[in-house]
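With JSON, C-alpha atoms inside, this is input01.json:
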```
[["chain", "number", "residue", "atom", "x", "y", "z"],
["A", 1, "MET", "CA", -63.89, -2.50, 80.26],
["A", 2, "THR", "CA", -62.47, -0.27, 77.56],
["A", 3, "ALA", "CA", -61.72, 3.27, 78.67],
["A", 4, "ARG", "CA", -63.93, 5.88, 76.99],
["A", 5, "VAL", "CA", -62.17, 9.11, 76.08],
["A", 6, "GLY", "CA", -64.26, 12.02, 74.80],
["A", 7, "VAL", "CA", -62.95, 14.33, 72.08],
["A", 8, "VAL", "CA", -64.72, 17.69, 71.88],
["A", 9, "THR", "CA", -65.55, 19.35, 68.59],
["A", 10, "PHE", "CA", -66.02, 23.13, 68.65],
["A", 11, "PRO", "CA", -66.83, 25.20, 65.58],
["A", 12, "GLY", "CA", -63.36, 25.58, 64.09],
["A", 13, "SER", "CA", -61.73, 22.54, 65.71],
["A", 14, "LEU", "CA", -59.23, 21.00, 63.29],
["A", 15, "ASP", "CA", -57.55, 18.14, 65.06],
["A", 16, "ASP", "CA", -60.51, 16.37, 66.62],
["A", 17, "LYS", "CA", -60.31, 13.47, 64.13],
["A", 18, "ASP", "CA", -56.56, 13.08, 64.68],
["A", 19, "ALA", "CA", -57.07, 13.14, 68.44],
["A", 20, "ALA", "CA", -59.83, 10.52, 68.17],
["A", 21, "ARG", "CA", -57.54, 8.35, 66.03],
["A", 22, "ALA", "CA", -54.72, 8.66, 68.57],
["A", 23, "VAL", "CA", -57.14, 7.64, 71.33],
["A", 24, "SER", "CA", -58.14, 4.56, 69.31],
["A", 25, "LEU", "CA", -54.56, 3.64, 68.45],
["A", 26, "ALA", "CA", -53.73, 3.74, 72.16],
["A", 27, "GLY", "CA", -56.51, 1.19, 72.75],
["A", 28, "ALA", "CA", -59.32, 3.34, 74.15],
["A", 29, "GLU", "CA", -62.75, 4.02, 72.72],
["A", 30, "SER", "CA", -63.04, 7.59, 71.42],
["A", 31, "VAL", "CA", -66.38, 9.28, 72.03],
["A", 32, "PRO", "CA", -67.30, 12.37, 69.98],
["A", 33, "LEU", "CA", -68.52, 15.24, 72.18],
["A", 34, "TRP", "CA", -70.26, 18.29, 70.76],
["A", 35, "HIS", "CA", -69.61, 21.78, 72.13],
["A", 36, "ASP", "CA", -73.29, 22.68, 72.17],
["A", 37, "ASP", "CA", -74.42, 19.65, 74.23],
["A", 38, "ALA", "CA", -73.92, 20.03, 77.96],
["A", 39, "ASP", "CA", -73.40, 16.26, 78.12],
["A", 40, "LEU", "CA", -70.11, 14.49, 78.80],
["A", 41, "LYS", "CA", -71.77, 11.13, 77.93],
["A", 42, "GLY", "CA", -70.17, 9.51, 80.96],
["A", 43, "VAL", "CA", -66.66, 9.51, 79.49],
["A", 44, "ASP", "CA", -63.65, 8.71, 81.67],
["A", 45, "ALA", "CA", -61.47, 11.50, 80.25],
["A", 46, "VAL", "CA", -61.66, 14.32, 77.69],
["A", 47, "VAL", "CA", -59.35, 15.71, 75.00],
["A", 48, "LEU", "CA", -59.79, 19.34, 73.91],
["A", 49, "PRO", "CA", -58.23, 19.26, 70.44],
["A", 50, "GLY", "CA", -56.29, 21.81, 68.42],
["A", 51, "GLY", "CA", -57.70, 24.19, 65.88],
["A", 52, "PHE", "CA", -59.21, 27.64, 65.78],
["A", 53, "SER", "CA", -62.39, 27.42, 67.84],
["A", 54, "TYR", "CA", -64.75, 30.27, 66.98],
["A", 55, "GLY", "CA", -62.15, 31.56, 64.53],
["A", 56, "ASP", "CA", -59.90, 32.61, 67.44],
["A", 57, "TYR", "CA", -62.20, 35.64, 67.71],
["A", 58, "LEU", "CA", -61.60, 37.92, 70.71],
["A", 59, "ARG", "CA", -58.76, 35.72, 72.02],
["A", 60, "CYS", "CA", -57.86, 32.10, 71.31],
["A", 61, "GLY", "CA", -60.19, 29.94, 73.40],
["A", 62, "ALA", "CA", -62.07, 32.89, 74.91],
["A", 63, "ILE", "CA", -65.43, 32.00, 73.34],
["A", 64, "ALA", "CA", -65.05, 28.21, 73.54],
["A", 65, "ARG", "CA", -64.64, 28.56, 77.29],
["A", 66, "PHE", "CA", -68.33, 29.46, 77.55],
["A", 67, "ALA", "CA", -69.65, 26.60, 75.37],
["A", 68, "PRO", "CA", -72.45, 24.59, 77.04],
["A", 69, "LEU", "CA", -70.23, 21.50, 77.24],
["A", 70, "MET", "CA", -67.65, 23.47, 79.22],
["A", 71, "SER", "CA", -70.19, 24.14, 81.98],
["A", 72, "GLU", "CA", -70.11, 20.38, 82.65],
["A", 73, "LEU", "CA", -66.40, 19.91, 82.02],
["A", 74, "VAL", "CA", -64.92, 22.75, 84.09],
["A", 75, "PRO", "CA", -66.24, 21.79, 87.57],
["A", 76, "ALA", "CA", -65.44, 18.08, 87.00],
["A", 77, "ALA", "CA", -61.91, 18.95, 85.87],
["A", 78, "ARG", "CA", -61.32, 21.49, 88.63],
["A", 79, "SER", "CA", -62.26, 18.98, 91.34],
["A", 80, "GLY", "CA", -59.54, 16.61, 90.11],
["A", 81, "ALA", "CA", -62.07, 13.95, 89.11],
["A", 82, "LEU", "CA", -62.07, 14.27, 85.31],
["A", 83, "PRO", "CA", -58.77, 13.99, 83.39],
["A", 84, "VAL", "CA", -58.59, 16.59, 80.59],
["A", 85, "LEU", "CA", -55.85, 17.03, 78.00],
["A", 86, "GLY", "CA", -55.86, 20.32, 76.08],
["A", 87, "ILE", "CA", -53.69, 20.37, 72.97],
["A", 88, "CYS", "CA", -52.78, 23.69, 71.30],
["A", 89, "ASN", "CA", -56.16, 25.47, 71.08],
["A", 90, "GLY", "CA", -57.28, 23.10, 73.84],
["A", 91, "PHE", "CA", -54.42, 24.41, 76.03],
["A", 92, "GLN", "CA", -55.58, 27.96, 75.26],
["A", 93, "ILE", "CA", -59.16, 27.01, 76.27],
["A", 94, "LEU", "CA", -57.89, 25.51, 79.56],
["A", 95, "CYS", "CA", -56.04, 28.74, 80.37],
["A", 96, "GLU", "CA", -59.04, 30.90, 79.44],
["A", 97, "SER", "CA", -61.19, 28.65, 81.67],
["A", 98, "HIS", "CA", -58.71, 29.22, 84.54],
["A", 99, "LEU", "CA", -58.24, 25.46, 84.85],
["A", 100, "LEU", "CA", -54.56, 26.20, 84.21],
["A", 101, "PRO", "CA", -52.69, 29.38, 85.15],
["A", 102, "GLY", "CA", -51.15, 31.82, 82.67],
["A", 103, "ALA", "CA", -52.03, 32.47, 79.04],
["A", 104, "LEU", "CA", -50.85, 31.78, 75.49],
["A", 105, "THR", "CA", -49.87, 34.81, 73.44],
["A", 106, "ARG", "CA", -48.59, 35.60, 69.94],
["A", 107, "ASN", "CA", -45.33, 33.89, 68.97],
["A", 108, "SER", "CA", -42.42, 36.27, 69.55],
["A", 109, "SER", "CA", -41.51, 35.88, 65.86],
["A", 110, "LEU", "CA", -45.07, 36.87, 64.84],
["A", 111, "ARG", "CA", -44.93, 33.89, 62.46],
["A", 112, "PHE", "CA", -47.05, 30.79, 62.48],
["A", 113, "ILE", "CA", -44.74, 27.89, 63.31],
["A", 114, "ASN", "CA", -45.21, 24.51, 61.67],
["A", 115, "ARG", "CA", -42.37, 22.08, 62.27],
["A", 116, "ASP", "CA", -41.16, 19.00, 64.08],
["A", 117, "GLN", "CA", -40.21, 19.78, 67.67],
["A", 118, "VAL", "CA", -38.28, 17.97, 70.39],
["A", 119, "LEU", "CA", -39.68, 18.16, 73.93],
["A", 120, "ARG", "CA", -38.17, 17.05, 77.22],
["A", 121, "MET", "CA", -40.69, 15.36, 79.51],
["A", 122, "GLU", "CA", -40.33, 16.61, 83.07],
["A", 123, "ASN", "CA", -43.34, 15.62, 85.19],
["A", 124, "THR", "CA", -44.21, 12.04, 84.32],
["A", 125, "SER", "CA", -46.65, 11.41, 87.16],
["A", 126, "THR", "CA", -49.74, 13.10, 85.69],
["A", 127, "ALA", "CA", -52.77, 11.36, 84.22],
["A", 128, "TRP", "CA", -51.49, 12.18, 80.73],
["A", 129, "THR", "CA", -47.69, 11.74, 81.03],
["A", 130, "ASN", "CA", -47.13, 8.63, 83.16],
["A", 131, "ALA", "CA", -46.09, 6.46, 80.19],
["A", 132, "TYR", "CA", -42.95, 8.59, 79.71],
["A", 133, "ASP", "CA", -39.68, 8.53, 81.62],
["A", 134, "GLU", "CA", -38.56, 11.67, 83.38],
["A", 135, "GLY", "CA", -36.09, 13.50, 81.17],
["A", 136, "GLN", "CA", -37.14, 11.53, 78.07],
["A", 137, "GLU", "CA", -36.96, 13.52, 74.86],
["A", 138, "ILE", "CA", -39.78, 13.05, 72.37],
["A", 139, "LEU", "CA", -40.29, 14.29, 68.82],
["A", 140, "VAL", "CA", -43.73, 15.73, 68.07],
["A", 141, "VAL", "CA", -45.24, 18.50, 65.92],
["A", 142, "LEU", "CA", -45.47, 22.19, 66.77],
["A", 143, "LYS", "CA", -48.00, 24.18, 64.72],
["A", 144, "SER", "CA", -49.28, 27.35, 66.29],
["A", 145, "GLY", "CA", -49.37, 31.11, 65.94],
["A", 146, "GLU", "CA", -50.17, 31.94, 69.55],
["A", 147, "GLY", "CA", -48.06, 29.46, 71.44],
["A", 148, "SER", "CA", -45.99, 31.69, 73.68],
["A", 149, "TYR", "CA", -46.74, 30.69, 77.26],
["A", 150, "VAL", "CA", -46.74, 33.62, 79.70],
["A", 151, "ALA", "CA", -47.48, 33.99, 83.39],
["A", 152, "ASP", "CA", -46.21, 36.31, 86.10],
["A", 153, "GLU", "CA", -42.94, 35.41, 87.81],
["A", 154, "ALA", "CA", -44.66, 34.27, 91.01],
["A", 155, "THR", "CA", -46.84, 31.85, 89.04],
["A", 156, "LEU", "CA", -43.86, 30.54, 87.06],
["A", 157, "ASP", "CA", -41.90, 30.03, 90.29],
["A", 158, "ARG", "CA", -44.85, 28.17, 91.81],
["A", 159, "LEU", "CA", -45.21, 25.92, 88.73],
["A", 160, "GLU", "CA", -41.49, 25.09, 88.91],
["A", 161, "ALA", "CA", -41.51, 24.51, 92.67],
["A", 162, "GLU", "CA", -44.51, 22.19, 92.45],
["A", 163, "GLY", "CA", -43.12, 20.29, 89.46],
["A", 164, "ARG", "CA", -46.04, 21.33, 87.30],
["A", 165, "VAL", "CA", -44.06, 21.95, 84.11],
["A", 166, "ILE", "CA", -44.70, 18.70, 82.25],
["A", 167, "ALA", "CA", -42.66, 19.40, 79.09],
["A", 168, "ARG", "CA", -40.14, 21.95, 77.83],
["A", 169, "TYR", "CA", -38.87, 22.85, 74.38],
["A", 170, "VAL", "CA", -35.41, 21.48, 73.60],
["A", 171, "ASP", "CA", -32.85, 22.90, 71.13],
["A", 172, "GLY", "CA", -33.97, 26.51, 71.38],
["A", 173, "ASN", "CA", -37.15, 28.31, 72.30],
["A", 174, "PRO", "CA", -39.41, 28.42, 69.23],
["A", 175, "ASN", "CA", -42.04, 30.94, 70.29],
["A", 176, "GLY", "CA", -40.90, 32.99, 73.26],
["A", 177, "SER", "CA", -42.58, 30.85, 75.92],
["A", 178, "ARG", "CA", -41.40, 31.76, 79.40],
["A", 179, "ARG", "CA", -38.81, 29.29, 80.68],
["A", 180, "ASP", "CA", -39.18, 27.18, 77.51],
["A", 181, "ILE", "CA", -42.50, 25.85, 78.80],
["A", 182, "ALA", "CA", -44.38, 23.63, 76.32],
["A", 183, "GLY", "CA", -46.91, 22.16, 78.75],
["A", 184, "ILE", "CA", -48.13, 22.37, 82.34],
["A", 185, "THR", "CA", -50.51, 20.58, 84.69],
["A", 186, "ASN", "CA", -52.88, 21.60, 87.49],
["A", 187, "GLU", "CA", -52.33, 20.84, 91.17],
["A", 188, "HIS", "CA", -54.14, 17.48, 90.90],
["A", 189, "GLY", "CA", -52.28, 16.29, 87.80],
["A", 190, "ASN", "CA", -55.55, 15.51, 86.02],
["A", 191, "VAL", "CA", -55.58, 18.57, 83.74],
["A", 192, "VAL", "CA", -52.70, 18.93, 81.28],
["A", 193, "GLY", "CA", -52.19, 21.60, 78.62],
["A", 194, "LEU", "CA", -49.65, 21.15, 75.85],
["A", 195, "MET", "CA", -48.93, 23.52, 72.96],
["A", 196, "PRO", "CA", -47.35, 21.00, 70.53],
["A", 197, "HIS", "CA", -49.33, 18.14, 69.02],
["A", 198, "PRO", "CA", -48.70, 14.58, 70.26],
["A", 199, "GLU", "CA", -51.71, 13.36, 68.23],
["A", 200, "HIS", "CA", -49.79, 14.11, 65.02],
["A", 201, "ALA", "CA", -46.93, 11.84, 66.11],
["A", 202, "VAL", "CA", -48.64, 8.47, 66.52],
["A", 203, "GLU", "CA", -48.04, 6.72, 63.19],
["A", 204, "ALA", "CA", -44.93, 6.33, 61.05],
["A", 205, "LEU", "CA", -46.88, 7.08, 57.86],
["A", 206, "THR", "CA", -47.93, 10.60, 58.82],
["A", 207, "GLY", "CA", -45.85, 11.70, 61.80],
["A", 208, "PRO", "CA", -42.19, 12.47, 62.54],
["A", 209, "SER", "CA", -42.25, 9.72, 65.20],
["A", 210, "THR", "CA", -44.74, 7.67, 67.19],
["A", 211, "GLU", "CA", -43.59, 9.22, 70.45],
["A", 212, "GLY", "CA", -46.75, 11.27, 70.90],
["A", 213, "LEU", "CA", -48.72, 8.11, 71.57],
["A", 214, "GLY", "CA", -47.46, 8.13, 75.17],
["A", 215, "PHE", "CA", -49.94, 10.85, 76.15],
["A", 216, "PHE", "CA", -52.82, 8.60, 75.11],
["A", 217, "ALA", "CA", -51.23, 5.46, 76.56],
["A", 218, "SER", "CA", -50.81, 7.42, 79.80],
["A", 219, "ILE", "CA", -54.51, 8.05, 80.25],
["A", 220, "LEU", "CA", -55.21, 4.34, 79.78],
["A", 221, "GLY", "CA", -52.61, 3.53, 82.40],
["A", 222, "HIS", "CA", -54.03, 6.15, 84.71],
["A", 223, "LEU", "CA", -57.61, 4.94, 84.34],
["A", 224, "ALA", "CA", -56.56, 1.29, 84.73],
["A", 225, "SER", "CA", -54.67, 2.06, 87.93],
["A", 226, "GLY", "CA", -57.81, 3.59, 89.39],
["A", 227, "THR", "CA", -55.86, 6.07, 91.49],
["A", 228, "PRO", "CA", -56.12, 9.81, 91.23],
["A", 229, "ALA", "CA", -53.18, 11.51, 89.54],
["A", 230, "GLN", "CA", -50.62, 12.90, 91.94],
["A", 231, "VAL", "CA", -48.04, 15.57, 91.22],
["B", 1, "MET", "CA", -79.24, 53.83, 73.12],
["B", 2, "ALA", "CA", -75.96, 54.90, 74.73],
["B", 3, "ARG", "CA", -72.43, 53.74, 74.21],
["B", 4, "VAL", "CA", -69.80, 52.52, 76.65],
["B", 5, "VAL", "CA", -66.19, 52.12, 75.57],
["B", 6, "VAL", "CA", -63.93, 49.39, 76.89],
["B", 7, "ASP", "CA", -60.21, 49.73, 76.18],
["B", 8, "VAL", "CA", -58.15, 46.57, 76.64],
["B", 9, "MET", "CA", -54.36, 46.65, 76.75],
["B", 10, "LEU", "CA", -51.75, 43.98, 77.42],
["B", 11, "LYS", "CA", -50.26, 44.46, 80.87],
["B", 12, "PRO", "CA", -46.98, 46.40, 80.77],
["B", 13, "GLU", "CA", -44.91, 43.33, 81.65],
["B", 14, "ILE", "CA", -46.36, 41.21, 78.81],
["B", 15, "LEU", "CA", -44.28, 41.25, 75.62],
["B", 16, "ASP", "CA", -46.19, 42.78, 72.69],
["B", 17, "PRO", "CA", -44.49, 41.56, 69.50],
["B", 18, "GLN", "CA", -47.21, 43.16, 67.33],
["B", 19, "GLY", "CA", -46.50, 46.55, 68.91],
["B", 20, "GLN", "CA", -42.78, 46.00, 68.36],
["B", 21, "ALA", "CA", -43.37, 45.22, 64.69],
["B", 22, "ILE", "CA", -45.42, 48.41, 64.32],
["B", 23, "ALA", "CA", -42.68, 50.44, 66.06],
["B", 24, "GLY", "CA", -40.18, 48.97, 63.60],
["B", 25, "ALA", "CA", -42.37, 50.03, 60.67],
["B", 26, "CYS", "CA", -42.60, 53.58, 62.09],
["B", 27, "SER", "CA", -38.89, 54.19, 61.78],
["B", 28, "ARG", "CA", -38.77, 52.58, 58.31],
["B", 29, "LEU", "CA", -41.51, 54.99, 57.21],
["B", 30, "GLY", "CA", -39.58, 57.97, 58.50],
["B", 31, "PHE", "CA", -41.63, 58.67, 61.63],
["B", 32, "GLU", "CA", -38.77, 59.65, 63.92],
["B", 33, "GLY", "CA", -38.74, 59.77, 67.68],
["B", 34, "ILE", "CA", -41.21, 56.93, 68.27],
["B", 35, "ASP", "CA", -39.72, 54.79, 71.03],
["B", 36, "GLN", "CA", -42.42, 52.21, 71.56],
["B", 37, "VAL", "CA", -45.85, 51.18, 70.31],
["B", 38, "ARG", "CA", -48.22, 48.91, 72.21],
["B", 39, "GLN", "CA", -51.30, 47.55, 70.52],
["B", 40, "GLY", "CA", -54.63, 47.11, 72.28],
["B", 41, "LYS", "CA", -58.33, 46.62, 71.56],
["B", 42, "ARG", "CA", -61.30, 48.96, 71.83],
["B", 43, "PHE", "CA", -64.84, 47.65, 72.29],
["B", 44, "GLU", "CA", -67.89, 49.87, 71.82],
["B", 45, "VAL", "CA", -70.80, 48.45, 73.77],
["B", 46, "GLU", "CA", -74.29, 49.78, 73.04],
["B", 47, "VAL", "CA", -76.54, 49.70, 76.09],
["B", 48, "GLU", "CA", -80.24, 50.42, 76.52],
["B", 49, "GLY", "CA", -81.24, 53.70, 78.15],
["B", 50, "GLU", "CA", -78.91, 55.99, 80.02],
["B", 51, "VAL", "CA", -75.37, 55.11, 81.08],
["B", 52, "ASP", "CA", -75.52, 55.16, 84.86],
["B", 53, "GLU", "CA", -73.32, 53.59, 87.52],
["B", 54, "ALA", "CA", -75.29, 50.34, 87.36],
["B", 55, "LYS", "CA", -74.79, 50.06, 83.57],
["B", 56, "LEU", "CA", -71.09, 50.83, 83.92],
["B", 57, "ALA", "CA", -70.83, 48.17, 86.61],
["B", 58, "ASP", "CA", -72.50, 45.67, 84.24],
["B", 59, "VAL", "CA", -70.06, 46.49, 81.45],
["B", 60, "ARG", "CA", -67.14, 46.26, 83.88],
["B", 61, "ARG", "CA", -68.33, 42.76, 84.77],
["B", 62, "LEU", "CA", -68.60, 41.92, 81.07],
["B", 63, "ALA", "CA", -65.07, 43.22, 80.54],
["B", 64, "GLU", "CA", -63.51, 41.11, 83.26],
["B", 65, "THR", "CA", -65.54, 38.02, 82.32],
["B", 66, "LEU", "CA", -65.18, 38.05, 78.55],
["B", 67, "LEU", "CA", -63.67, 41.11, 76.84],
["B", 68, "ALA", "CA", -60.35, 41.02, 78.70],
["B", 69, "ASN", "CA", -58.22, 38.16, 79.99],
["B", 70, "THR", "CA", -57.12, 39.73, 83.26],
["B", 71, "VAL", "CA", -54.21, 37.30, 83.49],
["B", 72, "ILE", "CA", -52.46, 39.25, 80.73],
["B", 73, "GLU", "CA", -54.63, 42.32, 80.04],
["B", 74, "ASP", "CA", -55.82, 45.47, 81.83],
["B", 75, "PHE", "CA", -59.04, 47.24, 80.87],
["B", 76, "GLU", "CA", -60.73, 50.61, 81.30],
["B", 77, "VAL", "CA", -64.47, 51.25, 81.06],
["B", 78, "ARG", "CA", -65.90, 54.72, 80.31],
["B", 79, "PRO", "CA", -69.00, 56.28, 78.77],
["B", 80, "ALA", "CA", -68.41, 57.22, 75.13]]
```

Could I get this file's structure written as structure tokens?
Amino acid sequence: MTARVGVVTFPGSLDDKDAARAVSLAGAESVPLWHDDADLKGVDAVVLPGGFSYGDYLRCGAIARFAPLMSELVPAARSGALPVLGICNGFQILCESHLLPGALTRNSSLRFINRDQVLRMENTSTAWTNAYDEGQEILVVLKSGEGSYVADEATLDRLEAEGRVIARYVDGNPNGSRRDIAGITNEHGNVVGLMPHPEHAVEALTGPSTEGLGFFASILGHLASGTPAQV
Amino acid sequence: MARVVVDVMLKPEILDPQGQAIAGACSRLGFEGIDQVRQGKRFEVEVEGEVDEAKLADVRRLAETLLANTVIEDFEVRPA
């Protein structure tokens, strides 16, 4: 049976179509989910896409966190049952929902960054990263104004000790993220947040590489294996 | 109708690049002796009736639920 991966559209989501296309290219069925419907439509996994949900009002992701759909998503994700990938604004929503620790703040340069970016994959055992090799470098797209990952030292130490940093920036820190962190996972390995955009690196025509496809291939592998993600 | 003010500030250990940019502008504009600027947010919440302890407690709950992200921000609640 084809895996069904939901892609949520909030008011102000930008990258939901790209995420849905990446899901399809990886071989899964993409299912549109609407922020205002508290209905996950029985999907096997969910992508929270990039963009500017609710205009980034208050704080990025702060309003989206309380969308009706999130009331279904958060408990299922927290229990470890539902795999969720948050990209860019989706990562911000996951932090605001306390599904992931820390927060994303204004780039240290105060400039919006839009460029190709190399990442080093570190934890390749999660639901969303298992198609990569540990230490593999991938070229994706970074486009964000509030991409600087911050958390207190104790939280950062815990993330490192538990191997929960899934990807780091390579060749310099673009936005001031603590310890060059580009993405992290929760203790179950089912929830992953990533600031750069793998869904923009899935086709030679439009992306700098096709190396972002691994995130979407990973969820297929994870769902096919039928085992819960382990860190 | 009464008003409750909620001030939200980044925690001291969180880098505030906007505040730094403002501090830089201060010296360029000739405002001497300004060491540091940190930028925060002020919310003015209109509540029904009198501001009593129960109302303040409600607004405090609102602040920690929505107005502030307590992972990176501190807040203060006071009657206007």

With 9 Å as the cut-off and only C-alpha atoms counted, what is the closest atom pair between each nearby residue of chain B and chain A? Distances in Å to one decimal, ordered by chain and number, as CSV.
```
residue,atom,partner,partner_atom,distance
B:Glu13,CA,A:Asp152,CA,8.4
B:Ile14,CA,A:Val150,CA,7.7
B:Leu15,CA,A:Ser108,CA,8.1
B:Asp16,CA,A:Arg106,CA,8.1
B:Pro17,CA,A:Ser108,CA,5.7
B:Gln18,CA,A:Leu110,CA,7.1
B:Ala21,CA,A:Leu110,CA,8.5
B:Leu66,CA,A:Ala62,CA,7.0
B:Leu67,CA,A:Leu58,CA,7.2
B:Ala68,CA,A:Leu58,CA,8.7
B:Asn69,CA,A:Glu96,CA,7.3
B:Val71,CA,A:Gly102,CA,6.3
B:Ile72,CA,A:Ala103,CA,7.0
```

Using only C-alpha atoms, please write the residues we just selected to a file, as an mmCIF file, in the coordinates of the input.
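The resulting file, selection22.cif, is reproduced below:
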```
data_model
loop_
_atom_site.group_PDB
_atom_site.id
_atom_site.type_symbol
_atom_site.label_atom_id
_atom_site.label_comp_id
_atom_site.auth_asym_id
_atom_site.auth_seq_id
_atom_site.Cartn_x
_atom_site.Cartn_y
_atom_site.Cartn_z
ATOM 1 C CA GLU B 13 -44.910 43.330 81.650
ATOM 2 C CA ILE B 14 -46.360 41.210 78.810
ATOM 3 C CA LEU B 15 -44.280 41.250 75.620
ATOM 4 C CA ASP B 16 -46.190 42.780 72.690
ATOM 5 C CA PRO B 17 -44.490 41.560 69.500
ATOM 6 C CA GLN B 18 -47.210 43.160 67.330
ATOM 7 C CA ALA B 21 -43.370 45.220 64.690
ATOM 8 C CA LEU B 66 -65.180 38.050 78.550
ATOM 9 C CA LEU B 67 -63.670 41.110 76.840
ATOM 10 C CA ALA B 68 -60.350 41.020 78.700
ATOM 11 C CA ASN B 69 -58.220 38.160 79.990
ATOM 12 C CA VAL B 71 -54.210 37.300 83.490
ATOM 13 C CA ILE B 72 -52.460 39.250 80.730
#
```

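The gap separating CA of Glu199 (chain A) from CA of Leu223 (chain A) is 19.1 Å, in Å to one decimal.
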
Using the file's own x, y and z axes, what box holds all listed atoms of region 54-57 of chain B with 8 Å on each side, keeping edges along x, y and z, and what are its centre and edge lengths in Å to one decimal, as AutoDock Vina command-line options?
```
--center_x -73.1 --center_y 49.5 --center_z 85.5 --size_x 20.5 --size_y 18.7 --size_z 19.8
```

For a cut-off of 6 Å around (-37.9, 16.3, 78.8), file coordinates, pick out all residues using all atoms listed in the file and list them as a VMD selection string. chain A and resid 119 to 122 135 to 137 167

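Atom pair CA of Ala81 (chain A) / CA of Ala20 (chain A) has a distance of 21.3 Å (rounded to one decimal).
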
Point out the residue among A:Val192, A:Cys60, A:Leu69, A:Leu142 with the least atom-to-atom distance to Asn89 (chain A), counting only C-alpha atoms. A:Cys60

As an exercise, work out the distance from CA of Ser30 (chain A) to CA of Gly193 (chain A) in Å and give it to one decimal place. 19.1 Å

Extract, using only C-alpha atoms, all DNA, RNA and protein residues at most 7 Å from Arg3 (chain B), discarding same-chain residues fewer than 6 positions from it, and format them as a ChimeraX atom specification. /B:44-47,79-80

Mind completing region 26-37 of chain B with N, CA and C atoms? Output as an mmCIF file, in the frame of the given file, please?
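Once written, out18.cif looks like this:
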```
data_model
loop_
_atom_site.group_PDB
_atom_site.id
_atom_site.type_symbol
_atom_site.label_atom_id
_atom_site.label_comp_id
_atom_site.auth_asym_id
_atom_site.auth_seq_id
_atom_site.Cartn_x
_atom_site.Cartn_y
_atom_site.Cartn_z
ATOM 1 N N CYS B 26 -42.586 52.115 61.934
ATOM 2 C CA CYS B 26 -42.600 53.580 62.090
ATOM 3 C C CYS B 26 -41.278 54.175 61.628
ATOM 4 N N SER B 27 -40.181 53.595 62.127
ATOM 5 C CA SER B 27 -38.890 54.190 61.780
ATOM 6 C C SER B 27 -38.586 53.968 60.296
ATOM 7 N N ARG B 28 -39.004 52.816 59.741
ATOM 8 C CA ARG B 28 -38.770 52.580 58.310
ATOM 9 C C ARG B 28 -39.537 53.587 57.453
ATOM 10 N N LEU B 29 -40.693 54.045 57.965
ATOM 11 C CA LEU B 29 -41.510 54.990 57.210
ATOM 12 C C LEU B 29 -41.098 56.444 57.446
ATOM 13 N N GLY B 30 -40.075 56.616 58.281
ATOM 14 C CA GLY B 30 -39.580 57.970 58.500
ATOM 15 C C GLY B 30 -40.251 58.707 59.642
ATOM 16 N N PHE B 31 -41.059 58.028 60.442
ATOM 17 C CA PHE B 31 -41.630 58.670 61.630
ATOM 18 C C PHE B 31 -40.596 58.568 62.748
ATOM 19 N N GLU B 32 -39.889 59.674 62.972
ATOM 20 C CA GLU B 32 -38.770 59.650 63.920
ATOM 21 C C GLU B 32 -39.294 59.850 65.342
ATOM 22 N N GLY B 33 -38.477 59.456 66.281
ATOM 23 C CA GLY B 33 -38.740 59.770 67.680
ATOM 24 C C GLY B 33 -39.848 58.932 68.304
ATOM 25 N N ILE B 34 -40.214 57.829 67.667
ATOM 26 C CA ILE B 34 -41.210 56.930 68.270
ATOM 27 C C ILE B 34 -40.451 55.788 68.938
ATOM 28 N N ASP B 35 -40.501 55.761 70.273
ATOM 29 C CA ASP B 35 -39.720 54.790 71.030
ATOM 30 C C ASP B 35 -40.413 53.438 71.087
ATOM 31 N N GLN B 36 -41.721 53.470 71.282
ATOM 32 C CA GLN B 36 -42.420 52.210 71.560
ATOM 33 C C GLN B 36 -43.867 52.340 71.114
ATOM 34 N N VAL B 37 -44.419 51.246 70.615
ATOM 35 C CA VAL B 37 -45.850 51.180 70.310
ATOM 36 C C VAL B 37 -46.403 49.947 71.004
#
```
